[in-house]
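Trainee: My structure is in input22.pdb, and what it holds is PDB, C-alpha atoms:
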ATOM      1  CA  MET B  15       0.000   0.000   0.000  1.00  0.00           C
ATOM      2  CA  SER B  16       1.334   3.411  -0.884  1.00  0.00           C
ATOM      3  CA  SER B  17       0.341   6.535   0.966  1.00  0.00           C
ATOM      4  CA  SER B  18      -0.519   9.907  -0.610  1.00  0.00           C
ATOM      5  CA  LEU B  19      -1.417  13.359   0.648  1.00  0.00           C
ATOM      6  CA  LEU B  20      -4.205  14.984  -1.367  1.00  0.00           C
ATOM      7  CA  PRO B  21      -5.175  18.642  -0.902  1.00  0.00           C
ATOM      8  CA  VAL B  22      -8.792  19.310   0.018  1.00  0.00           C
ATOM      9  CA  HIS B  23     -10.631  22.521   0.750  1.00  0.00           C
ATOM     10  CA  THR B  24     -10.331  22.643   4.539  1.00  0.00           C
ATOM     11  CA  ALA B  25      -7.430  20.353   5.343  1.00  0.00           C
ATOM     12  CA  SER B  26      -5.102  17.740   3.982  1.00  0.00           C
ATOM     13  CA  VAL B  27      -6.213  14.143   4.314  1.00  0.00           C
ATOM     14  CA  GLU B  28      -3.808  11.236   4.128  1.00  0.00           C
ATOM     15  CA  PHE B  29      -4.968   8.472   1.788  1.00  0.00           C
ATOM     16  CA  VAL B  30      -3.901   4.866   1.341  1.00  0.00           C
ATOM     17  CA  GLU B  31      -4.070   3.106  -2.008  1.00  0.00           C
ATOM     18  CA  ILE B  32      -5.798  -0.278  -1.911  1.00  0.00           C
ATOM     19  CA  CYS B  33      -6.731  -2.535  -4.816  1.00  0.00           C
ATOM     20  CA  THR B  34     -10.047  -4.053  -5.825  1.00  0.00           C
ATOM     21  CA  ASP B  35     -10.446  -7.718  -6.797  1.00  0.00           C
ATOM     22  CA  GLN B  36      -9.878  -6.587 -10.395  1.00  0.00           C
ATOM     23  CA  GLY B  37      -6.600  -4.891  -9.445  1.00  0.00           C
ATOM     24  CA  LEU B  38      -7.931  -1.331  -9.740  1.00  0.00           C
ATOM     25  CA  PRO B  39      -6.376   1.147  -7.291  1.00  0.00           C
ATOM     26  CA  VAL B  40      -8.762   2.928  -4.902  1.00  0.00           C
ATOM     27  CA  LEU B  41      -7.806   5.671  -2.446  1.00  0.00           C
ATOM     28  CA  ILE B  42      -9.388   5.627   1.014  1.00  0.00           C
ATOM     29  CA  PRO B  43      -8.594   7.844   4.002  1.00  0.00           C
ATOM     30  CA  VAL B  44      -6.021   6.369   6.393  1.00  0.00           C
ATOM     31  CA  THR B  45      -8.375   7.026   9.305  1.00  0.00           C
ATOM     32  CA  ALA B  46     -11.091   4.929   7.617  1.00  0.00           C
ATOM     33  CA  LEU B  47      -8.634   2.076   7.057  1.00  0.00           C
ATOM     34  CA  LYS B  48      -7.464   2.191  10.684  1.00  0.00           C
ATOM     35  CA  ARG B  49     -11.076   2.128  11.881  1.00  0.00           C
ATOM     36  CA  LEU B  50     -11.816  -0.904   9.718  1.00  0.00           C
ATOM     37  CA  GLN B  51      -8.726  -2.662  11.065  1.00  0.00           C
ATOM     38  CA  GLN B  52      -9.720  -1.852  14.660  1.00  0.00           C
ATOM     39  CA  THR B  53     -13.095  -3.490  14.133  1.00  0.00           C
ATOM     40  CA  GLY B  54     -11.407  -6.594  12.722  1.00  0.00           C
ATOM     41  CA  GLN B  55     -12.623  -6.177   9.159  1.00  0.00           C
ATOM     42  CA  THR B  56     -10.321  -7.588   6.498  1.00  0.00           C
ATOM     43  CA  THR B  57     -12.472  -6.804   3.454  1.00  0.00           C
ATOM     44  CA  ILE B  58     -14.912  -4.081   2.417  1.00  0.00           C
ATOM     45  CA  ASP B  59     -17.461  -3.932  -0.374  1.00  0.00           C
ATOM     46  CA  VAL B  60     -16.847  -0.976  -2.703  1.00  0.00           C
ATOM     47  CA  THR B  61     -19.127   0.215  -5.486  1.00  0.00           C
ATOM     48  CA  LEU B  62     -17.483   2.552  -7.966  1.00  0.00           C
ATOM     49  CA  CYS B  63     -19.449   4.589 -10.498  1.00  0.00           C
ATOM     50  CA  ILE B  64     -17.455   4.544 -13.737  1.00  0.00           C
ATOM     51  CA  ALA B  65     -20.021   6.104 -16.086  1.00  0.00           C
ATOM     52  CA  GLY B  66     -20.013   9.761 -17.118  1.00  0.00           C
ATOM     53  CA  ASP B  67     -17.463  12.517 -16.942  1.00  0.00           C
ATOM     54  CA  ILE B  68     -15.134  12.917 -14.021  1.00  0.00           C
ATOM     55  CA  ALA B  69     -16.107  16.103 -12.210  1.00  0.00           C
ATOM     56  CA  GLN B  70     -13.314  18.412 -11.084  1.00  0.00           C
ATOM     57  CA  PRO B  71     -13.965  20.515  -7.989  1.00  0.00           C
ATOM     58  CA  GLU B  72     -14.076  24.239  -8.698  1.00  0.00           C
ATOM     59  CA  ASN B  73     -11.108  24.883  -6.432  1.00  0.00           C
ATOM     60  CA  SER B  74      -8.918  22.079  -7.807  1.00  0.00           C
ATOM     61  CA  LEU B  75      -5.561  22.956  -9.322  1.00  0.00           C
ATOM     62  CA  ASP B  76      -4.054  21.610 -12.512  1.00  0.00           C
ATOM     63  CA  ASN B  77      -0.577  20.136 -12.177  1.00  0.00           C
ATOM     64  CA  ASN B  78       0.894  23.155 -13.978  1.00  0.00           C
ATOM     65  CA  GLU B  79      -0.833  25.747 -11.818  1.00  0.00           C
ATOM     66  CA  THR B  80       0.808  27.159  -8.728  1.00  0.00           C
ATOM     67  CA  MET B  81      -1.204  27.897  -5.647  1.00  0.00           C
ATOM     68  CA  ALA B  82      -1.860  31.600  -5.115  1.00  0.00           C
ATOM     69  CA  VAL B  83      -0.560  32.467  -1.691  1.00  0.00           C
ATOM     70  CA  GLU B  84      -1.148  36.192  -1.610  1.00  0.00           C
ATOM     71  CA  ASN B  85      -3.716  35.967   1.170  1.00  0.00           C
ATOM     72  CA  TRP B  86      -2.129  33.097   3.068  1.00  0.00           C
ATOM     73  CA  ILE B  87      -0.781  33.842   6.539  1.00  0.00           C
ATOM     74  CA  SER B  88       2.457  33.014   8.290  1.00  0.00           C
ATOM     75  CA  GLN B  89       2.655  30.787  11.370  1.00  0.00           C
ATOM     76  CA  LYS B  90       3.512  33.840  13.445  1.00  0.00           C
ATOM     77  CA  ASP B  91       0.442  35.744  12.231  1.00  0.00           C
ATOM     78  CA  ALA B  92      -1.717  32.664  12.732  1.00  0.00           C
ATOM     79  CA  ALA B  93      -0.499  32.352  16.327  1.00  0.00           C
ATOM     80  CA  THR B  94      -1.275  36.042  16.908  1.00  0.00           C
ATOM     81  CA  LEU B  95      -4.806  35.579  15.552  1.00  0.00           C
ATOM     82  CA  HIS B  96      -5.346  32.466  17.673  1.00  0.00           C
ATOM     83  CA  LEU B  97      -4.071  34.323  20.735  1.00  0.00           C
ATOM     84  CA  GLU B  98      -7.134  36.580  20.458  1.00  0.00           C
ATOM     85  CA  ASP B  99      -9.511  33.594  20.462  1.00  0.00           C
ATOM     86  CA  ILE B 100      -8.977  32.154  23.926  1.00  0.00           C
ATOM     87  CA  ASP B 101      -8.662  34.103  27.170  1.00  0.00           C
ATOM     88  CA  GLY B 102      -5.516  33.348  29.134  1.00  0.00           C
ATOM     89  CA  LEU B 103      -3.707  31.721  26.223  1.00  0.00           C
ATOM     90  CA  THR B 104      -0.013  32.580  26.211  1.00  0.00           C
ATOM     91  CA  ARG B 105       1.969  33.366  23.054  1.00  0.00           C
ATOM     92  CA  GLY B 106       3.975  30.158  23.439  1.00  0.00           C
ATOM     93  CA  ALA B 107       0.839  28.064  23.864  1.00  0.00           C
ATOM     94  CA  SER B 108      -0.718  29.725  20.832  1.00  0.00           C
ATOM     95  CA  ILE B 109       2.350  28.964  18.694  1.00  0.00           C
ATOM     96  CA  SER B 110       2.319  25.360  19.945  1.00  0.00           C
ATOM     97  CA  ARG B 111      -1.354  24.937  19.096  1.00  0.00           C
ATOM     98  CA  VAL B 112      -0.835  26.304  15.579  1.00  0.00           C
ATOM     99  CA  ARG B 113       2.153  24.016  15.022  1.00  0.00           C
ATOM    100  CA  ARG B 114       0.158  21.040  16.322  1.00  0.00           C
ATOM    101  CA  GLY B 115      -2.699  21.988  13.997  1.00  0.00           C
ATOM    102  CA  ILE B 116      -0.266  21.975  11.065  1.00  0.00           C
ATOM    103  CA  THR B 117       1.202  18.614  12.084  1.00  0.00           C
ATOM    104  CA  LEU B 118      -2.229  17.010  12.527  1.00  0.00           C
ATOM    105  CA  GLY B 119      -3.552  18.481   9.260  1.00  0.00           C
ATOM    106  CA  LYS B 120      -6.287  20.475  10.986  1.00  0.00           C
ATOM    107  CA  PHE B 121      -5.919  23.190   8.328  1.00  0.00           C
ATOM    108  CA  VAL B 122      -4.158  23.560   4.998  1.00  0.00           C
ATOM    109  CA  SER B 123      -0.559  24.715   5.022  1.00  0.00           C
ATOM    110  CA  LYS B 124       2.179  24.724   2.428  1.00  0.00           C
ATOM    111  CA  LYS B 125       5.905  25.134   2.698  1.00  0.00           C
ATOM    112  CA  PHE B 126       7.226  27.919   0.473  1.00  0.00           C
ATOM    113  CA  GLY B 127      10.972  28.306   0.624  1.00  0.00           C
ATOM    114  CA  ARG B 128      11.946  28.496   4.264  1.00  0.00           C
ATOM    115  CA  SER B 129       8.527  29.533   5.542  1.00  0.00           C
ATOM    116  CA  ARG B 130       5.238  27.727   5.985  1.00  0.00           C
ATOM    117  CA  LEU B 131       2.077  29.556   4.992  1.00  0.00           C
ATOM    118  CA  ILE B 132      -1.429  28.769   6.168  1.00  0.00           C
ATOM    119  CA  ASP B 133      -4.649  28.914   4.164  1.00  0.00           C
ATOM    120  CA  PRO B 134      -6.840  31.550   5.855  1.00  0.00           C
ATOM    121  CA  VAL B 135     -10.149  29.792   5.090  1.00  0.00           C
ATOM    122  CA  SER B 136      -9.265  26.444   6.645  1.00  0.00           C
ATOM    123  CA  PHE B 137      -7.461  28.227   9.488  1.00  0.00           C
ATOM    124  CA  ALA B 138     -10.602  30.285  10.248  1.00  0.00           C
ATOM    125  CA  ALA B 139     -12.631  27.053  10.426  1.00  0.00           C
ATOM    126  CA  TRP B 140     -10.084  25.557  12.818  1.00  0.00           C
ATOM    127  CA  ARG B 141     -10.115  28.706  14.969  1.00  0.00           C
ATOM    128  CA  LEU B 142     -13.890  28.517  15.220  1.00  0.00           C
ATOM    129  CA  SER B 143     -13.771  24.883  16.324  1.00  0.00           C
ATOM    130  CA  GLU B 144     -11.087  25.709  18.903  1.00  0.00           C
ATOM    131  CA  ARG B 145     -13.190  28.594  20.283  1.00  0.00           C
ATOM    132  CA  GLU B 146     -16.224  26.308  20.516  1.00  0.00           C
ATOM    133  CA  LYS B 147     -14.195  23.640  22.349  1.00  0.00           C
ATOM    134  CA  ASN B 148     -12.934  26.255  24.789  1.00  0.00           C
ATOM    135  CA  LEU B 149     -16.440  27.617  25.395  1.00  0.00           C
ATOM    136  CA  SER B 150     -17.782  24.113  26.000  1.00  0.00           C
ATOM    137  CA  LYS B 151     -14.989  23.513  28.487  1.00  0.00           C
ATOM    138  CA  LEU B 152     -15.828  26.765  30.295  1.00  0.00           C
ATOM    139  CA  ASP B 153     -19.533  25.864  30.390  1.00  0.00           C
ATOM    140  CA  LYS B 154     -18.731  22.517  32.021  1.00  0.00           C
ATOM    141  CA  ASN B 155     -16.606  24.246  34.667  1.00  0.00           C
ATOM    142  CA  GLU B 156     -19.407  26.604  35.694  1.00  0.00           C
TER     143      GLU B 156
END
Would you encode the structure as structure tokens?
Mentor:
Amino acid sequence: MSSSLLPVHTASVEFVEICTDQGLPVLIPVTALKRLQQTGQTTIDVTLCIAGDIAQPENSLDNNETMAVENWISQKDAATLHLEDIDGLTRGASISRVRRGITLGKFVSKKFGRSRLIDPVSFAAWRLSEREKNLSKLDKNE
């Protein structure tokens, strides 16, 4: 099985290539494969639709296109933005959370030269989920 990283709108998802009985490669998310293995499943039934045109998402990039990064933000700016989200969060903790988010693929990031830039749309979604988690935690403590 080979592993690939495919870009998606809100985050990167790691995929594993498996083969059908006919030897056709199929990509499934690594998390789905791990879940199947945890439940003891050794086979899955897959139905593939092979009729019609293959639809390309509107935001997909051709191999020759480069990703526009004009509006992308640096890790430092992302940490500053996240610092505003949660009361009592220190700068160091904010930087750590952003780095962990990058490592876990919670939002889209790309390495450009020596810096890593973060997609503002997926980062905003992550920030919202982090704020909601923090608010839920505060509600439980009250």
Trainee: Do you know which residues lie at most 12 Å from (-13.2, 31.7, 16.9), with coordinates as in the file and only C-alpha atoms counted, and could you write them as a PDB file with C-alpha atoms, keeping the file's coordinate frame?
Mentor:
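Generated file (part.pdb):
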ATOM      1  CA  LEU B  95      -4.806  35.579  15.552  1.00  0.00           C
ATOM      2  CA  HIS B  96      -5.346  32.466  17.673  1.00  0.00           C
ATOM      3  CA  LEU B  97      -4.071  34.323  20.735  1.00  0.00           C
ATOM      4  CA  GLU B  98      -7.134  36.580  20.458  1.00  0.00           C
ATOM      5  CA  ASP B  99      -9.511  33.594  20.462  1.00  0.00           C
ATOM      6  CA  ILE B 100      -8.977  32.154  23.926  1.00  0.00           C
ATOM      7  CA  ASP B 101      -8.662  34.103  27.170  1.00  0.00           C
ATOM      8  CA  PHE B 137      -7.461  28.227   9.488  1.00  0.00           C
ATOM      9  CA  ALA B 138     -10.602  30.285  10.248  1.00  0.00           C
ATOM     10  CA  ALA B 139     -12.631  27.053  10.426  1.00  0.00           C
ATOM     11  CA  TRP B 140     -10.084  25.557  12.818  1.00  0.00           C
ATOM     12  CA  ARG B 141     -10.115  28.706  14.969  1.00  0.00           C
ATOM     13  CA  LEU B 142     -13.890  28.517  15.220  1.00  0.00           C
ATOM     14  CA  SER B 143     -13.771  24.883  16.324  1.00  0.00           C
ATOM     15  CA  GLU B 144     -11.087  25.709  18.903  1.00  0.00           C
ATOM     16  CA  ARG B 145     -13.190  28.594  20.283  1.00  0.00           C
ATOM     17  CA  GLU B 146     -16.224  26.308  20.516  1.00  0.00           C
ATOM     18  CA  LYS B 147     -14.195  23.640  22.349  1.00  0.00           C
ATOM     19  CA  ASN B 148     -12.934  26.255  24.789  1.00  0.00           C
ATOM     20  CA  LEU B 149     -16.440  27.617  25.395  1.00  0.00           C
TER      21      LEU B 149
END
Trainee: With distances taken over only C-alpha atoms, which of B:Ala107, B:Ile87, B:Val30, B:Ala92 is nearest to Lys124 of chain B?
Mentor: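 Of all the options, B:Ile87 lies closest to Lys124 of chain B.
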Trainee: Interatomic distance between atom CA of Thr104 of chain B and atom CA of Phe126 of chain B?
Mentor: 27.1 Å
Trainee: Between atom CA of Pro43 of chain B and atom CA of Glu31 of chain B, measure the distance and give it in Å to one decimal.
Mentor: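 Separating atom CA of Pro43 of chain B from atom CA of Glu31 of chain B is a distance of 8.9 Å.
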Trainee: Which residue is closest to Val40 of chain B? Choose from B:Ser150, B:Ser88, B:Gln52, B:Thr61 and count only C-alpha atoms.
Mentor: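 Under the stated criterion, the closest residue is B:Thr61.
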Trainee: Choose the residue, out of B:Leu152, B:Thr45, B:Gln51, B:Gln89, that has the smallest atom-to-atom separation from Arg128 of chain B; count only C-alpha atoms.
Mentor: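 Among the listed residues, the smallest separation from Arg128 of chain B belongs to B:Gln89.
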Trainee: On this file, the PyMOL selection byres ((chain B and resi 32) around 9) gives some set of residues; write that set as number ranges by chain.
Mentor: B: 15-16, 30-31, 33-34, 37-42
Trainee: Could you check the closest approach to Ser108 of chain B for each of B:Lys125, B:Lys90, B:Arg49, B:Lys120 and tell me which residue wins, using all atoms listed in the file?
Mentor: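 Ranked by minimum distance to Ser108 of chain B, first place goes to B:Lys90.
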Trainee: Could you check which of B:Asp91, B:Lys151, B:Glu28, B:Ile132 is closest to Lys48 of chain B, using only C-alpha atoms?
Mentor: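 Ranked by minimum distance to Lys48 of chain B, first place goes to B:Glu28.
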Trainee: Provide the atom CA of Asn85 of chain B to atom CA of Phe29 of chain B distance in Å, to one decimal place.
Mentor: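 Going from atom CA of Asn85 of chain B over to atom CA of Phe29 of chain B, I get 27.5 Å.
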